[in-house]
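Q: Got target.cif for you, mmCIF, C-alpha atoms and all ligand atoms:
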```cif
data_upload
loop_
_atom_site.group_PDB
_atom_site.id
_atom_site.type_symbol
_atom_site.label_atom_id
_atom_site.label_comp_id
_atom_site.auth_asym_id
_atom_site.auth_seq_id
_atom_site.Cartn_x
_atom_site.Cartn_y
_atom_site.Cartn_z
ATOM 1 C CA MET A 18 117.721 151.673 -30.521
ATOM 2 C CA HIS A 19 117.243 153.546 -33.795
ATOM 3 C CA PHE A 20 114.682 156.301 -34.092
ATOM 4 C CA ILE A 21 112.561 156.638 -37.212
ATOM 5 C CA ALA A 22 110.429 159.531 -38.431
ATOM 6 C CA ILE A 23 107.512 159.191 -40.830
ATOM 7 C CA PHE A 24 106.529 162.153 -43.021
ATOM 8 C CA ALA A 25 102.876 162.050 -44.117
ATOM 9 C CA SER A 26 100.404 164.567 -45.561
ATOM 10 C CA GLY A 27 97.250 162.495 -45.740
ATOM 11 C CA SER A 28 95.085 159.895 -44.103
ATOM 12 C CA GLY A 29 98.119 158.059 -42.803
ATOM 13 C CA SER A 30 97.006 154.455 -43.236
ATOM 14 C CA ASN A 31 100.564 153.408 -44.115
ATOM 15 C CA ALA A 32 101.998 155.377 -41.218
ATOM 16 C CA ARG A 33 99.484 153.678 -38.898
ATOM 17 C CA ASN A 34 100.381 150.267 -40.211
ATOM 18 C CA ILE A 35 104.098 150.923 -39.770
ATOM 19 C CA MET A 36 103.563 152.233 -36.211
ATOM 20 C CA GLU A 37 101.689 149.035 -35.391
ATOM 21 C CA HIS A 38 104.350 146.826 -36.940
ATOM 22 C CA PHE A 39 107.172 148.441 -34.950
ATOM 23 C CA LYS A 40 105.287 148.759 -31.655
ATOM 24 C CA ASN A 41 107.590 147.388 -28.937
ATOM 25 C CA HIS A 42 110.279 146.492 -31.498
ATOM 26 C CA ARG A 43 113.595 145.672 -29.958
ATOM 27 C CA TYR A 44 115.769 147.817 -32.222
ATOM 28 C CA TYR A 45 113.610 150.330 -34.079
ATOM 29 C CA ARG A 46 111.187 152.894 -32.730
ATOM 30 C CA ILE A 47 108.833 155.124 -34.688
ATOM 31 C CA ALA A 48 109.740 158.226 -32.737
ATOM 32 C CA LEU A 49 108.050 160.989 -34.679
ATOM 33 C CA ILE A 50 105.377 161.717 -37.252
ATOM 34 C CA VAL A 51 105.875 164.902 -39.244
ATOM 35 C CA THR A 52 103.041 166.405 -41.259
ATOM 36 C CA ASN A 53 102.595 169.545 -43.329
ATOM 37 C CA ARG A 54 98.774 169.441 -43.093
ATOM 38 C CA LYS A 55 96.921 170.479 -39.966
ATOM 39 C CA ALA A 56 93.920 168.358 -40.962
ATOM 40 C CA ALA A 57 95.872 165.241 -41.871
ATOM 41 C CA GLY A 58 94.320 161.994 -40.656
ATOM 42 C CA VAL A 59 97.773 160.810 -39.638
ATOM 43 C CA ILE A 60 97.656 163.122 -36.601
ATOM 44 C CA ALA A 61 94.883 161.095 -34.934
ATOM 45 C CA HIS A 62 96.719 157.842 -35.713
ATOM 46 C CA ALA A 63 99.855 159.172 -34.024
ATOM 47 C CA GLU A 64 97.862 160.182 -30.945
ATOM 48 C CA GLU A 65 96.191 156.791 -30.728
ATOM 49 C CA MET A 66 99.524 155.029 -31.035
ATOM 50 C CA GLY A 67 101.237 157.328 -28.529
ATOM 51 C CA VAL A 68 103.733 158.591 -31.090
ATOM 52 C CA ALA A 69 104.844 162.232 -31.065
ATOM 53 C CA CYS A 70 103.559 164.253 -33.992
ATOM 54 C CA SER A 71 104.819 167.602 -35.266
ATOM 55 C CA TYR A 72 103.104 169.897 -37.706
ATOM 56 C CA LEU A 73 105.344 172.042 -39.861
ATOM 57 C CA PRO A 74 103.779 174.284 -42.500
ATOM 58 C CA SER A 75 104.739 173.678 -46.102
ATOM 59 C CA SER A 76 106.539 177.044 -46.100
ATOM 60 C CA THR A 77 108.984 175.723 -43.495
ATOM 61 C CA PHE A 78 109.918 172.818 -45.753
ATOM 62 C CA ARG A 79 110.338 175.248 -48.627
ATOM 63 C CA ASP A 80 112.070 178.167 -46.929
ATOM 64 C CA ASN A 81 113.624 176.827 -43.737
ATOM 65 C CA PRO A 82 114.825 173.270 -44.217
ATOM 66 C CA SER A 83 117.266 173.714 -41.344
ATOM 67 C CA GLN A 84 114.244 173.751 -39.024
ATOM 68 C CA VAL A 85 113.185 170.371 -40.393
ATOM 69 C CA ILE A 86 116.660 168.995 -39.748
ATOM 70 C CA ALA A 87 116.702 170.516 -36.252
ATOM 71 C CA LEU A 88 113.385 168.830 -35.424
ATOM 72 C CA LEU A 89 114.699 165.458 -36.603
ATOM 73 C CA LYS A 90 117.995 165.809 -34.777
ATOM 74 C CA LYS A 91 116.231 166.782 -31.564
ATOM 75 C CA ALA A 92 114.309 163.497 -31.714
ATOM 76 C CA ASN A 93 117.531 161.599 -32.566
ATOM 77 C CA VAL A 94 115.999 160.467 -35.846
ATOM 78 C CA ASP A 95 118.389 158.421 -37.940
ATOM 79 C CA PHE A 96 116.021 157.172 -40.642
ATOM 80 C CA VAL A 97 113.132 158.866 -42.474
ATOM 81 C CA VAL A 98 110.151 157.202 -44.156
ATOM 82 C CA LEU A 99 107.827 159.056 -46.525
ATOM 83 C CA ALA A 100 104.304 157.639 -46.539
ATOM 84 C CA GLY A 101 101.973 159.798 -48.582
ATOM 85 C CA PHE A 102 104.090 162.920 -48.148
ATOM 86 C CA LEU A 103 103.156 165.334 -50.892
ATOM 87 C CA LEU A 104 105.941 167.894 -50.690
ATOM 88 C CA LYS A 105 109.374 167.604 -52.146
ATOM 89 C CA VAL A 106 111.849 166.818 -49.386
ATOM 90 C CA PRO A 107 114.226 169.794 -49.251
ATOM 91 C CA PRO A 108 117.711 168.959 -50.613
ATOM 92 C CA PRO A 109 119.461 169.774 -47.293
ATOM 93 C CA VAL A 110 117.291 167.113 -45.607
ATOM 94 C CA VAL A 111 118.021 164.596 -48.360
ATOM 95 C CA ASN A 112 121.714 165.408 -48.054
ATOM 96 C CA ALA A 113 121.665 165.121 -44.261
ATOM 97 C CA TYR A 114 120.110 161.635 -44.406
ATOM 98 C CA GLY A 115 121.821 160.277 -47.523
ATOM 99 C CA ASN A 116 120.415 156.849 -48.336
ATOM 100 C CA ARG A 117 118.444 156.783 -45.081
ATOM 101 C CA ILE A 118 115.219 158.098 -46.605
ATOM 102 C CA ILE A 119 112.723 155.898 -48.415
ATOM 103 C CA ASN A 120 109.346 156.508 -50.048
ATOM 104 C CA ILE A 121 106.448 154.411 -51.255
ATOM 105 C CA HIS A 122 104.779 155.196 -54.573
ATOM 106 C CA PRO A 123 101.525 153.624 -55.817
ATOM 107 C CA SER A 124 102.722 152.600 -59.293
ATOM 108 C CA LEU A 125 105.455 150.559 -60.890
ATOM 109 C CA LEU A 126 108.091 153.276 -61.241
ATOM 110 C CA PRO A 127 109.471 154.686 -63.464
ATOM 111 C CA ALA A 128 105.967 154.492 -64.960
ATOM 112 C CA PHE A 129 103.436 156.987 -63.608
ATOM 113 C CA GLY A 130 105.808 158.868 -61.340
ATOM 114 C CA GLY A 131 107.055 162.423 -61.089
ATOM 115 C CA GLU A 132 105.587 165.736 -60.078
ATOM 116 C CA GLY A 133 101.784 165.782 -59.869
ATOM 117 C CA MET A 134 101.583 161.989 -59.916
ATOM 118 C CA TYR A 135 100.021 161.199 -56.562
ATOM 119 C CA GLY A 136 96.832 159.682 -55.217
ATOM 120 C CA ASP A 137 94.035 159.133 -57.705
ATOM 121 C CA HIS A 138 95.957 160.917 -60.472
ATOM 122 C CA VAL A 139 98.213 157.883 -60.640
ATOM 123 C CA HIS A 140 95.391 155.345 -60.816
ATOM 124 C CA GLU A 141 93.443 157.391 -63.375
ATOM 125 C CA ALA A 142 96.509 157.662 -65.613
ATOM 126 C CA VAL A 143 97.215 153.934 -65.280
ATOM 127 C CA ILE A 144 93.670 152.967 -66.298
ATOM 128 C CA GLU A 145 93.560 155.463 -69.133
ATOM 129 C CA SER A 146 96.833 154.174 -70.576
ATOM 130 C CA GLY A 147 95.572 150.596 -70.746
ATOM 131 C CA VAL A 148 98.634 148.961 -69.129
ATOM 132 C CA PRO A 149 97.877 145.456 -67.843
ATOM 133 C CA LYS A 150 99.628 145.865 -64.486
ATOM 134 C CA SER A 151 100.202 148.424 -61.779
ATOM 135 C CA GLY A 152 101.608 148.092 -58.287
ATOM 136 C CA ILE A 153 103.816 149.633 -55.649
ATOM 137 C CA THR A 154 107.398 150.818 -55.594
ATOM 138 C CA ILE A 155 109.491 151.350 -52.482
ATOM 139 C CA HIS A 156 112.525 153.414 -53.354
ATOM 140 C CA ARG A 157 115.266 155.613 -51.965
ATOM 141 C CA VAL A 158 114.694 159.331 -52.061
ATOM 142 C CA ASN A 159 116.987 161.658 -53.946
ATOM 143 C CA ASN A 160 116.538 165.198 -55.158
ATOM 144 C CA GLU A 161 114.200 164.297 -58.032
ATOM 145 C CA TYR A 162 110.592 163.193 -57.549
ATOM 146 C CA ASP A 163 110.282 159.388 -57.569
ATOM 147 C CA GLU A 164 113.710 158.775 -59.112
ATOM 148 C CA GLY A 165 115.791 157.181 -56.363
ATOM 149 C CA GLU A 166 117.009 153.589 -56.452
ATOM 150 C CA VAL A 167 114.201 151.034 -56.492
ATOM 151 C CA ILE A 168 114.290 148.723 -53.471
ATOM 152 C CA PHE A 169 111.115 146.672 -53.952
ATOM 153 C CA GLN A 170 108.155 146.331 -56.301
ATOM 154 C CA ALA A 171 104.990 144.248 -56.204
ATOM 155 C CA SER A 172 102.304 144.234 -58.863
ATOM 156 C CA VAL A 173 98.576 143.728 -59.353
ATOM 157 C CA ASP A 174 96.590 143.122 -62.541
ATOM 158 C CA VAL A 175 94.584 145.999 -63.926
ATOM 159 C CA ILE A 176 91.415 144.191 -64.940
ATOM 160 C CA LYS A 177 88.634 145.023 -67.374
ATOM 161 C CA GLY A 178 86.242 147.527 -65.791
ATOM 162 C CA GLU A 179 88.830 148.634 -63.207
ATOM 163 C CA THR A 180 88.093 152.011 -61.615
ATOM 164 C CA PRO A 181 90.522 154.332 -59.823
ATOM 165 C CA ALA A 182 88.781 153.364 -56.570
ATOM 166 C CA SER A 183 89.083 149.613 -57.111
ATOM 167 C CA LEU A 184 92.704 149.904 -58.202
ATOM 168 C CA LYS A 185 93.481 152.115 -55.227
ATOM 169 C CA SER A 186 92.099 149.549 -52.841
ATOM 170 C CA LYS A 187 94.118 146.703 -54.396
ATOM 171 C CA ILE A 188 97.251 148.814 -54.250
ATOM 172 C CA GLN A 189 96.602 149.808 -50.661
ATOM 173 C CA SER A 190 96.442 146.159 -49.678
ATOM 174 C CA LEU A 191 99.855 145.630 -51.254
ATOM 175 C CA GLU A 192 101.241 148.678 -49.461
ATOM 176 C CA HIS A 193 99.955 147.524 -46.099
ATOM 177 C CA ARG A 194 101.257 144.034 -46.640
ATOM 178 C CA TRP A 195 104.761 144.958 -47.802
ATOM 179 C CA PHE A 196 105.860 148.386 -46.590
ATOM 180 C CA PRO A 197 106.560 147.488 -42.930
ATOM 181 C CA LEU A 198 108.376 144.286 -43.906
ATOM 182 C CA VAL A 199 110.510 145.940 -46.561
ATOM 183 C CA LEU A 200 111.243 148.843 -44.212
ATOM 184 C CA GLU A 201 112.396 146.421 -41.534
ATOM 185 C CA GLN A 202 114.720 144.705 -44.007
ATOM 186 C CA VAL A 203 116.164 148.036 -45.101
ATOM 187 C CA LEU A 204 116.716 149.025 -41.460
ATOM 188 C CA GLN A 205 118.450 145.721 -40.765
ATOM 189 C CA LYS A 206 120.799 146.257 -43.688
ATOM 190 C CA THR A 207 121.397 149.896 -42.845
ATOM 191 C CA PHE A 208 122.094 149.358 -39.160
ATOM 192 C CA LYS A 209 123.569 145.842 -39.383
ATOM 193 C CA ASN A 210 120.719 144.241 -37.420
ATOM 194 C CA HIS A 211 120.497 146.551 -34.460
HETATM 195 C C1 LIG B 1 99.836 155.765 -50.700
HETATM 196 O O1 LIG B 1 99.143 155.273 -51.804
HETATM 197 C C2 LIG B 1 101.270 155.961 -51.031
HETATM 198 O O2 LIG B 1 101.746 155.071 -51.969
HETATM 199 C C3 LIG B 1 101.282 157.331 -51.609
HETATM 200 O O3 LIG B 1 100.325 158.057 -50.867
HETATM 201 C C4 LIG B 1 99.354 157.166 -50.337
HETATM 202 C C5 LIG B 1 99.284 157.391 -48.875
HETATM 203 O O4 LIG B 1 98.176 156.780 -48.292
HETATM 204 N N1 LIG B 1 102.621 157.872 -51.638
HETATM 205 P P1 LIG B 1 97.996 156.791 -46.723
HETATM 206 O O5 LIG B 1 97.981 158.252 -46.268
HETATM 207 O O6 LIG B 1 99.129 156.055 -46.106
HETATM 208 O O7 LIG B 1 96.680 156.133 -46.474
#
```
Output the file's structure in the form of structure tokens.
Ligand code: GRF

A:
Amino acid sequence: MHFIAIFASGSGSNARNIMEHFKNHRYYRIALIVTNRKAAGVIAHAEEMGVACSYLPSSTFRDNPSQVIALLKKANVDFVVLAGFLLKVPPPVVNAYGNRIINIHPSLLPAFGGEGMYGDHVHEAVIESGVPKSGITIHRVNNEYDEGEVIFQASVDVIKGETPASLKSKIQSLEHRWFPLVLEQVLQKTFKNH
């Protein structure tokens, strides 16, 4: 069995979807949710799914990354998934997990990525720029925001009259459809099927 942690700062719809996908999985267990926001919606999802959830303040990520690593090691975590996690992952955590950390970003990276590009900011910038397509990118995490190796992309058309809300909802559907499947494939490759 491999133990996976999900880091999330927000409503946690992707985390929820991933917990559901891996419920009773033979090889992979979502063992821990980690959040830096006490009011994050993901906390209730973890409770409902019976998954342990730890809150760590943002200052711990910034000033005491060894505590983050200790928490993960204690839960035997050997793979980390970022799903709407708004802080930079501290370099010691990235270094400890190597290529075993992935993130999902709601645009076609490298376009509309980087610091400050999250949530509606992304969709607003996409619409304002007039590009015909947006989408999702699942990528490895390194020490720069949104710059790790791209693993998977899927796109949607940005249509005339598109609003940040309508684009967000189309992109969310893509995320919910693909993230658990792509994660499972990455886990299979990483751990040679078990
Ligand atoms: C998603 O759009 C994801 O791509 C981005 O943050 C959002 C998280 O949404 N990184 P949710 O909390 O999973 O609903």

Q: So, counting all atoms listed in the file, which residue among A:Pro123, A:Pro82, A:Pro107, A:Gly58 is closest to ligand LIG 1 (chain B)?

A: A:Pro123

Q: What does the PyMOL selection byres (((not hetatm)) within 9 of (chain B and resi 1)) select in this file, as number ranges by chain?

A: A: 25-34, 57-59, 99-103, 120-124, 135-137, 153-155, 185, 188-189, 192-193

Q: Create the file for the chosen residues now, containing C-alpha atoms and written as a short mmCIF file (atom, residue, chain, number, x, y, z; two decimals), in the frame of the given file.

A:
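Wrote out.cif, looks like this:
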```cif
data_model
loop_
_atom_site.label_atom_id
_atom_site.label_comp_id
_atom_site.auth_asym_id
_atom_site.auth_seq_id
_atom_site.Cartn_x
_atom_site.Cartn_y
_atom_site.Cartn_z
CA ALA A 25 102.88 162.05 -44.12
CA SER A 26 100.40 164.57 -45.56
CA GLY A 27 97.25 162.50 -45.74
CA SER A 28 95.08 159.90 -44.10
CA GLY A 29 98.12 158.06 -42.80
CA SER A 30 97.01 154.46 -43.24
CA ASN A 31 100.56 153.41 -44.12
CA ALA A 32 102.00 155.38 -41.22
CA ARG A 33 99.48 153.68 -38.90
CA ASN A 34 100.38 150.27 -40.21
CA ALA A 57 95.87 165.24 -41.87
CA GLY A 58 94.32 161.99 -40.66
CA VAL A 59 97.77 160.81 -39.64
CA LEU A 99 107.83 159.06 -46.52
CA ALA A 100 104.30 157.64 -46.54
CA GLY A 101 101.97 159.80 -48.58
CA PHE A 102 104.09 162.92 -48.15
CA LEU A 103 103.16 165.33 -50.89
CA ASN A 120 109.35 156.51 -50.05
CA ILE A 121 106.45 154.41 -51.26
CA HIS A 122 104.78 155.20 -54.57
CA PRO A 123 101.52 153.62 -55.82
CA SER A 124 102.72 152.60 -59.29
CA TYR A 135 100.02 161.20 -56.56
CA GLY A 136 96.83 159.68 -55.22
CA ASP A 137 94.04 159.13 -57.70
CA ILE A 153 103.82 149.63 -55.65
CA THR A 154 107.40 150.82 -55.59
CA ILE A 155 109.49 151.35 -52.48
CA LYS A 185 93.48 152.12 -55.23
CA ILE A 188 97.25 148.81 -54.25
CA GLN A 189 96.60 149.81 -50.66
CA GLU A 192 101.24 148.68 -49.46
CA HIS A 193 99.96 147.52 -46.10
#
```

Q: List, as a JSON list (two decimals) with C-alpha atoms, in the coordinates of the input, every residue that the PyMOL selection byres (((chain A and resi 51) around 9) and not hetatm) selects in the file provided.

A:
```
[["chain", "number", "residue", "atom", "x", "y", "z"],
["A", 22, "ALA", "CA", 110.43, 159.53, -38.43],
["A", 23, "ILE", "CA", 107.51, 159.19, -40.83],
["A", 24, "PHE", "CA", 106.53, 162.15, -43.02],
["A", 25, "ALA", "CA", 102.88, 162.05, -44.12],
["A", 26, "SER", "CA", 100.40, 164.57, -45.56],
["A", 49, "LEU", "CA", 108.05, 160.99, -34.68],
["A", 50, "ILE", "CA", 105.38, 161.72, -37.25],
["A", 52, "THR", "CA", 103.04, 166.40, -41.26],
["A", 53, "ASN", "CA", 102.60, 169.54, -43.33],
["A", 60, "ILE", "CA", 97.66, 163.12, -36.60],
["A", 69, "ALA", "CA", 104.84, 162.23, -31.06],
["A", 70, "CYS", "CA", 103.56, 164.25, -33.99],
["A", 71, "SER", "CA", 104.82, 167.60, -35.27],
["A", 72, "TYR", "CA", 103.10, 169.90, -37.71],
["A", 73, "LEU", "CA", 105.34, 172.04, -39.86]]
```

Q: Would you write out, as a VMD selection string, every residue that the PyMOL selection byres (((chain A and resi 106) around 10) and not hetatm) captures in this file?

A: chain A and resid 24 78 to 79 82 85 99 102 to 105 107 to 111 118 158 to 162

Q: Compare A:Tyr44, A:Ile176, A:Pro127, A:Met36 by their minimum atom-to-atom distance to Gly67 (chain A), counting all atoms listed in the file, and give me the closest one.

A: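 Nearest candidate to Gly67 (chain A) out of A:Tyr44, A:Ile176, A:Pro127, A:Met36: A:Met36.
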
Q: Between A:His140, A:Lys55, A:Lys91, A:Arg117, single out the one closest to Phe208 (chain A), counting all atoms listed in the file.

A: A:Arg117

Q: Using CA of Ala48 (chain A) and CA of Phe20 (chain A) as the two end points, give the distance in Å to one decimal.

A: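 Rounded to one decimal, the two atoms are 5.5 Å apart.
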
Q: Could the centre and edge lengths of an axis-aligned box, enclosing all atoms of region 131-140 of chain A in the file with 5 Å extra on each side, be given in Å to one decimal as AutoDock Vina command-line options?

A:
```
--center_x 100.5 --center_y 160.6 --center_z -58.2 --size_x 23.0 --size_y 20.4 --size_z 15.9
```

Q: Which one is closest to Ile168 (chain A): A:Gln202, A:Ser83, A:Asn41, A:Ser183? Count only C-alpha atoms.

A: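 So, comparing all the options, the nearest one is A:Gln202.
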
Q: What lies within 9 Å of Pro149 (chain A) using only C-alpha atoms, ignoring chain neighbours under 6 positions off, as a list in words?

A: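 Result of the neighbour search: Val143, Val173, Asp174, Val175 and Ile176 of chain A.
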
Q: Which residue is closest to Ala142 (chain A)? Choose from A:Gly178, A:Leu184, A:Asn116, A:Tyr45 and count only C-alpha atoms.

A: A:Leu184

Q: Counting all atoms listed in the file, which residue out of A:Asp163, A:Val199, A:Leu191, A:Gly152 sits closest to Gly133 (chain A)?

A: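 Checking each of A:Asp163, A:Val199, A:Leu191, A:Gly152 against Gly133 (chain A), counting all atoms listed in the file, the winner is A:Asp163.
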
Q: Could you tell me how far CA of Phe129 (chain A) sits from CA of Leu204 (chain A), in Å to one decimal place?

A: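 CA of Leu204 (chain A) sits 27.0 Å away from CA of Phe129 (chain A).
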
Q: Work out how far apart CA of Val148 (chain A) and CA of Glu179 (chain A) are and give it in Å to one decimal.

A: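 Answer for the CA of Val148 (chain A) to CA of Glu179 (chain A) separation: 11.5 Å.
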